[in-house]
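**Q** Before I ask anything, let me first share the structure, which is written out below as structure tokens.
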Amino acid sequence: MTEAASSDIPQFTVGETVRMRKAHPCGADTWTVTRVGGDVGLRCAGCGRRIFLARRELARRLHSQHRAGAVRRV
Ligand SMILES: [Zn+2]
């Protein structure tokens with residue numbers, strides 16, 4: 001699967017925080033990007049669970065995106 005650089009699909013950067021439309025069962029709705037590529041790796045800010053989502057799928061579930069530096073969580 002090749003992912004052409006398309007303007008309607010947001011780009012993600014490792015280390016940035018994203019907010020989902022729907023909260024995770026643990027109650028957190030923010031995730032840290034841990035890997036980018038064909039699939040985007042995410043780590044839940046609440047429980048630390050790691051998941052992988054296709055970038056297009058993530059874009060659909062995304063509520064807001066925080067560029068690294070704008071929102072910082074440790
Ligand atoms: Zn969680």
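Note on naming: chains are A, B, ... as they come in the structure tokens, residues start from 1 per chain, ligands start from 1 in the order shown.
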Quick one: which chain A residues come within 9 Å of ligand 1, and what is the nearest atom pair for each with the distance in Å to one decimal, counting only C-alpha atoms and all ligand atoms, rows ordered by chain and ascending number, as a Markdown table?
**A**
| residue | atom | partner | partner_atom_place_in_ligand_line | distance |
| --- | --- | --- | --- | --- |
| A:Ala23 | CA | ligand 1 | 1 (Zn) | 8.1 |
| A:His24 | CA | ligand 1 | 1 (Zn) | 5.0 |
| A:Pro25 | CA | ligand 1 | 1 (Zn) | 6.1 |
| A:Cys26 | CA | ligand 1 | 1 (Zn) | 4.4 |
| A:Gly27 | CA | ligand 1 | 1 (Zn) | 6.5 |
| A:Ala28 | CA | ligand 1 | 1 (Zn) | 5.6 |
| A:Asp29 | CA | ligand 1 | 1 (Zn) | 7.7 |
| A:Thr30 | CA | ligand 1 | 1 (Zn) | 8.6 |
| A:Trp31 | CA | ligand 1 | 1 (Zn) | 8.4 |
| A:Arg43 | CA | ligand 1 | 1 (Zn) | 8.1 |
| A:Cys44 | CA | ligand 1 | 1 (Zn) | 4.8 |
| A:Ala45 | CA | ligand 1 | 1 (Zn) | 6.5 |
| A:Gly46 | CA | ligand 1 | 1 (Zn) | 4.7 |
| A:Cys47 | CA | ligand 1 | 1 (Zn) | 4.1 |
| A:Gly48 | CA | ligand 1 | 1 (Zn) | 6.2 |
| A:Arg49 | CA | ligand 1 | 1 (Zn) | 5.8 |
| A:Arg50 | CA | ligand 1 | 1 (Zn) | 8.7 |
**Q** Save the residues we just selected, C-alpha atoms, as a PDB file, in the first residue's frame?
**A**
ATOM      1  CA  ALA A  23     -12.432   8.778  24.775  1.00  0.00           C
ATOM      2  CA  HIS A  24     -10.622   5.528  25.497  1.00  0.00           C
ATOM      3  CA  PRO A  25     -12.376   3.231  28.026  1.00  0.00           C
ATOM      4  CA  CYS A  26      -9.804   4.337  30.621  1.00  0.00           C
ATOM      5  CA  GLY A  27     -11.183   7.874  30.369  1.00  0.00           C
ATOM      6  CA  ALA A  28      -8.315   9.555  28.537  1.00  0.00           C
ATOM      7  CA  ASP A  29      -8.877  11.092  25.137  1.00  0.00           C
ATOM      8  CA  THR A  30      -5.324  12.124  24.343  1.00  0.00           C
ATOM      9  CA  TRP A  31      -2.695   9.953  22.710  1.00  0.00           C
ATOM     10  CA  ARG A  43       0.152   5.470  23.156  1.00  0.00           C
ATOM     11  CA  CYS A  44      -2.785   6.300  25.404  1.00  0.00           C
ATOM     12  CA  ALA A  45      -1.990   9.124  27.806  1.00  0.00           C
ATOM     13  CA  GLY A  46      -4.183   7.515  30.464  1.00  0.00           C
ATOM     14  CA  CYS A  47      -3.312   3.826  30.580  1.00  0.00           C
ATOM     15  CA  GLY A  48      -0.273   3.617  28.320  1.00  0.00           C
ATOM     16  CA  ARG A  49      -1.882   1.163  25.898  1.00  0.00           C
ATOM     17  CA  ARG A  50      -0.288   1.139  22.469  1.00  0.00           C
TER      18      ARG A  50
END
**Q** Excluding Val14 in chain A and any residue of its chain fewer than 3 positions from it, enumerate the residues within 8 Å of it, using only C-alpha atoms, and give them as a PyMOL selection string.
**A** chain A and resi 32-36
**Q** Write out as number ranges by chain each polymer residue whose atoms come within 9 Å of Arg56 in chain A, counting only C-alpha atoms; drop sequence neighbours fewer than 4 positions from it.
**A** A: 9-10, 39, 60-61
